[in-house]
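Trainee: My questions will all concern the structure given below.
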Amino acid sequence: SGIWDTKGTVGGLSASHGSVVFMFLQELLLNYYGKGGSVLSSSQPITVYPAILLSCDNSDLKVSAVGDSLTVSAGLWPDMLKRKCPAITIQKVGAIGDSTSRILPQYKISEVYKNTDVVIIMAGMNDLSSNPNVQTATSNLQVMYDLAKNNGKYVVAVTITPWKGYAVETTKDYKWTEGKQTAQDEINNWIISGAKNVDLVIDAYRLLGSSDDSNALNSKYAEPDKLHLNNAGQNALADEIYNKIFSPQLEAEPDISAETSDMAAFGLTEEYTA
């Protein structure tokens, strides 16, 4: 089983291992402060993750990178992330030119949502290339998020990168248009604020966009085709993913000692430890 299989239930607390109190308080704070939501009811079941295990030094940590040519080709951001964290295992899923409708079956066959611990999904660019369907793209992405989260994995969603100016000479169908930009904005906004079962959003669109025109890649990150990322762009994305996943993690468990009455307020009557 993966390291993210540890689960706890608030109210009638149960856990397989680890400090349940620490994990519960961590998830409580994440939901209240990190997601802008209200405090969860003490009777509402939640899945909790021991974030301390998200470490570049954890040789048991398995990461999957799911996507298209922006992800699965050689020498891209997953490979750069691997160089930053040589101890971890990274598996790529998808193919060049794939839309979410083509990635989803490969995703299911590979079962990375079961056999890896962190699932990073960066897909949707090829859904925009011709007659984009926002509903299809978001539905496919949501299935991927759900499959991973329902199997206890840490889910990372990456927004679609800017590509204004892209044009393929052989056919006009694949060039960037204002209409496709509108579809991209809808998908990206949904990833950021509407998608469910996502633990972390990496806003690659904001990160890599030009300060003069956010719909286009920053020239220092763009290949000549204005869609694919050059080495600097790939490294910037790898840095962002590394910093957001690994850097914020706790150096050590905080002091979570509490009076019995304080624990009871959260529905906890006993302290469970391994």
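Chain labels follow the order of the structure tokens: the first chain is A, the next B, and so on; residue numbering restarts at 1 in every chain, and ligands are counted from 1 in their shown order.
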Find the residues around stretch 188-205 of chain A up to 7 Å (only C-alpha atoms counted), leave out those fewer than 3 positions away in its own chain, and share them as a PyMOL selection string.
Mentor: chain A and resi 142+145-146+149+154-162+184-185+208-209+237+241
Trainee: Since we have the selection now, will you write its residues out, keeping N, CA, C and O atoms, as a compact mmCIF listing (two decimals), in the first residue's frame?
Mentor:
# COMPACT_ATOMS: atom_id res chain seq x y z
N GLN A 142 -12.20 15.70 -14.06
CA GLN A 142 -12.81 15.39 -12.77
C GLN A 142 -12.79 13.89 -12.48
O GLN A 142 -12.57 13.48 -11.34
N TYR A 145 -9.31 13.18 -11.25
CA TYR A 145 -9.14 13.63 -9.88
C TYR A 145 -9.85 12.68 -8.91
O TYR A 145 -9.30 12.31 -7.87
N ASP A 146 -11.08 12.31 -9.26
CA ASP A 146 -11.88 11.46 -8.38
C ASP A 146 -11.23 10.09 -8.17
O ASP A 146 -11.19 9.59 -7.05
N LYS A 149 -8.22 10.55 -5.81
CA LYS A 149 -8.61 10.91 -4.44
C LYS A 149 -9.34 9.76 -3.75
O LYS A 149 -9.12 9.49 -2.56
N TYR A 154 -2.64 11.91 -3.12
CA TYR A 154 -2.52 13.37 -3.08
C TYR A 154 -2.64 13.87 -4.50
O TYR A 154 -1.82 13.53 -5.37
N VAL A 155 -3.65 14.70 -4.78
CA VAL A 155 -4.00 15.08 -6.15
C VAL A 155 -3.56 16.52 -6.43
O VAL A 155 -3.94 17.45 -5.71
N VAL A 156 -2.77 16.68 -7.49
CA VAL A 156 -2.29 17.99 -7.91
C VAL A 156 -2.83 18.29 -9.30
O VAL A 156 -2.61 17.51 -10.24
N ALA A 157 -3.55 19.40 -9.45
CA ALA A 157 -4.10 19.80 -10.74
C ALA A 157 -3.31 21.00 -11.26
O ALA A 157 -3.07 21.95 -10.52
N VAL A 158 -2.93 20.95 -12.53
CA VAL A 158 -2.14 22.01 -13.15
C VAL A 158 -2.98 22.67 -14.24
O VAL A 158 -3.57 21.99 -15.08
N THR A 159 -3.05 23.99 -14.24
CA THR A 159 -3.82 24.70 -15.26
C THR A 159 -3.13 24.63 -16.62
O THR A 159 -1.92 24.37 -16.71
N ILE A 160 -3.91 24.86 -17.67
CA ILE A 160 -3.39 24.81 -19.04
C ILE A 160 -2.56 26.06 -19.31
O ILE A 160 -2.99 27.18 -19.02
N THR A 161 -1.39 25.88 -19.87
CA THR A 161 -0.46 26.99 -20.09
C THR A 161 -0.90 27.89 -21.25
O THR A 161 -1.63 27.46 -22.14
N PRO A 162 -0.43 29.15 -21.27
CA PRO A 162 -0.76 30.07 -22.38
C PRO A 162 -0.21 29.56 -23.71
O PRO A 162 0.82 28.89 -23.75
N GLN A 184 -10.40 28.04 -22.84
CA GLN A 184 -9.29 27.79 -21.92
C GLN A 184 -9.52 28.50 -20.59
O GLN A 184 -9.28 27.93 -19.52
N ASP A 185 -9.98 29.73 -20.64
CA ASP A 185 -10.25 30.47 -19.41
C ASP A 185 -11.29 29.76 -18.56
O ASP A 185 -11.16 29.69 -17.33
N LEU A 208 3.60 31.13 -16.10
CA LEU A 208 4.38 31.16 -17.34
C LEU A 208 3.91 32.20 -18.34
O LEU A 208 4.51 32.35 -19.40
N GLY A 209 2.84 32.92 -18.02
CA GLY A 209 2.29 33.91 -18.94
C GLY A 209 3.14 35.17 -19.04
O GLY A 209 3.89 35.52 -18.13
N LEU A 237 8.49 25.54 -14.23
CA LEU A 237 7.33 24.74 -13.80
C LEU A 237 7.75 23.69 -12.79
O LEU A 237 7.07 23.46 -11.78
N ILE A 241 6.34 23.33 -8.91
CA ILE A 241 5.77 22.09 -8.37
C ILE A 241 6.58 21.62 -7.17
O ILE A 241 6.01 21.24 -6.13
Trainee: Contacts of stretch 92-98 of chain A at 6 Å or less, counting only C-alpha atoms, minus same-chain residues fewer than 3 places along, as a PyMOL selection string?
Mentor: chain A and resi 64-69+72+102-103
Trainee: Output all heavy atoms of each residue in that selection to a file, as an mmCIF file, in the first residue's frame.
Mentor:
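So out-v1.cif came out as:
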data_model
loop_
_atom_site.group_PDB
_atom_site.id
_atom_site.type_symbol
_atom_site.label_atom_id
_atom_site.label_comp_id
_atom_site.auth_asym_id
_atom_site.auth_seq_id
_atom_site.Cartn_x
_atom_site.Cartn_y
_atom_site.Cartn_z
ATOM 1 N N SER A 64 3.152 10.280 -10.109
ATOM 2 C CA SER A 64 2.786 10.112 -11.515
ATOM 3 C C SER A 64 2.530 11.484 -12.134
ATOM 4 O O SER A 64 1.933 12.360 -11.510
ATOM 5 C CB SER A 64 1.546 9.217 -11.667
ATOM 6 O OG SER A 64 0.465 9.712 -10.910
ATOM 7 N N ALA A 65 3.008 11.666 -13.370
ATOM 8 C CA ALA A 65 2.810 12.890 -14.133
ATOM 9 C C ALA A 65 1.941 12.538 -15.337
ATOM 10 O O ALA A 65 2.356 11.774 -16.206
ATOM 11 C CB ALA A 65 4.151 13.464 -14.573
ATOM 12 N N VAL A 66 0.746 13.089 -15.384
ATOM 13 C CA VAL A 66 -0.247 12.712 -16.384
ATOM 14 C C VAL A 66 -0.470 13.874 -17.338
ATOM 15 O O VAL A 66 -0.738 15.006 -16.900
ATOM 16 C CB VAL A 66 -1.578 12.328 -15.700
ATOM 17 C CG1 VAL A 66 -2.613 11.889 -16.740
ATOM 18 C CG2 VAL A 66 -1.355 11.235 -14.657
ATOM 19 N N GLY A 67 -0.365 13.615 -18.659
ATOM 20 C CA GLY A 67 -0.590 14.710 -19.593
ATOM 21 C C GLY A 67 -0.276 14.371 -21.036
ATOM 22 O O GLY A 67 -0.331 13.209 -21.447
ATOM 23 N N ASP A 68 0.090 15.432 -21.781
ATOM 24 C CA ASP A 68 0.339 15.304 -23.222
ATOM 25 C C ASP A 68 1.796 15.637 -23.518
ATOM 26 O O ASP A 68 2.678 15.342 -22.713
ATOM 27 C CB ASP A 68 -0.629 16.208 -23.995
ATOM 28 C CG ASP A 68 -0.697 17.614 -23.387
ATOM 29 O OD1 ASP A 68 0.362 18.131 -22.993
ATOM 30 O OD2 ASP A 68 -1.800 18.189 -23.307
ATOM 31 N N SER A 69 2.061 16.277 -24.660
ATOM 32 C CA SER A 69 3.444 16.569 -25.046
ATOM 33 C C SER A 69 4.126 17.542 -24.091
ATOM 34 O O SER A 69 5.355 17.620 -24.061
ATOM 35 C CB SER A 69 3.496 17.134 -26.468
ATOM 36 O OG SER A 69 2.795 18.369 -26.547
ATOM 37 N N VAL A 72 4.880 14.405 -21.174
ATOM 38 C CA VAL A 72 5.407 13.043 -21.336
ATOM 39 C C VAL A 72 6.655 12.940 -22.211
ATOM 40 O O VAL A 72 7.316 11.900 -22.222
ATOM 41 C CB VAL A 72 4.317 12.095 -21.889
ATOM 42 C CG1 VAL A 72 3.128 12.051 -20.961
ATOM 43 C CG2 VAL A 72 3.880 12.528 -23.299
ATOM 44 N N ARG A 102 -8.475 11.020 -24.653
ATOM 45 C CA ARG A 102 -7.536 9.946 -24.986
ATOM 46 C C ARG A 102 -6.626 9.620 -23.792
ATOM 47 O O ARG A 102 -6.152 8.494 -23.672
ATOM 48 C CB ARG A 102 -6.704 10.353 -26.207
ATOM 49 C CG ARG A 102 -7.543 10.512 -27.466
ATOM 50 C CD ARG A 102 -6.694 10.955 -28.637
ATOM 51 N NE ARG A 102 -5.721 9.943 -29.029
ATOM 52 C CZ ARG A 102 -4.845 10.094 -30.024
ATOM 53 N NH1 ARG A 102 -4.833 11.218 -30.724
ATOM 54 N NH2 ARG A 102 -3.995 9.138 -30.320
ATOM 55 N N ILE A 103 -6.375 10.604 -22.953
ATOM 56 C CA ILE A 103 -5.546 10.359 -21.778
ATOM 57 C C ILE A 103 -6.285 9.521 -20.750
ATOM 58 O O ILE A 103 -5.696 8.628 -20.123
ATOM 59 C CB ILE A 103 -5.092 11.698 -21.141
ATOM 60 C CG1 ILE A 103 -4.152 12.440 -22.086
ATOM 61 C CG2 ILE A 103 -4.417 11.459 -19.793
ATOM 62 C CD1 ILE A 103 -3.832 13.853 -21.638
#
Trainee: Check the smallest atom-to-atom distance from each of A:Gln91, A:Lys180, A:Ile187, A:Cys85 to A:Gln135 using only C-alpha atoms, then report the winner.
Mentor: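 Among the listed residues, A:Ile187 lies closest to A:Gln135.
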Trainee: Given only C-alpha atoms as the basis, pick out the residue of A:Ser129, A:Thr182, A:Asn231, A:Ser211 nearest to A:Tyr166.
Mentor: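 Smallest distance to A:Tyr166 is found for A:Ser129.
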Trainee: Would you mind writing down, as JSON, numbers by chain, each residue of stretch 199-232 of chain A that DSSP on the backbone assigns to alpha helix (DSSP H)?
Mentor: {"A": [204, 205, 206, 207, 208, 231, 232]}
Trainee: Could you list, as a list in words, every residue within 12 Å of A:Asn115, counting only C-alpha atoms and ignoring same-chain residues fewer than 4 positions away?
Mentor: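 Residues meeting the cut-off are Ser1, Gly2, Ile3, Trp4, Asp5, Asp60, Leu61, Lys62, Val63, Ser64, Thr89, Ile90, Gln91, Tyr107, Lys108, Ile109, Ser110, Glu111, Val119, Leu147, Ala148, Asn151, Gly152, Lys153 and Tyr154 of chain A.
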Trainee: To one decimal in Å, tell me the separation between atom CA of A:Asn150 and atom CA of A:Val112.
Mentor: 12.5 Å
Trainee: Could you check how far atom CA of A:Gly233 sits from atom CA of A:Lys220, in Å to one decimal?
Mentor: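 Those two atoms sit 7.4 Å apart.
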Trainee: Write out as a count of residues only all residues of stretch 40-205 of chain A that backbone DSSP assigns to strand (DSSP E or B).
Mentor: 25
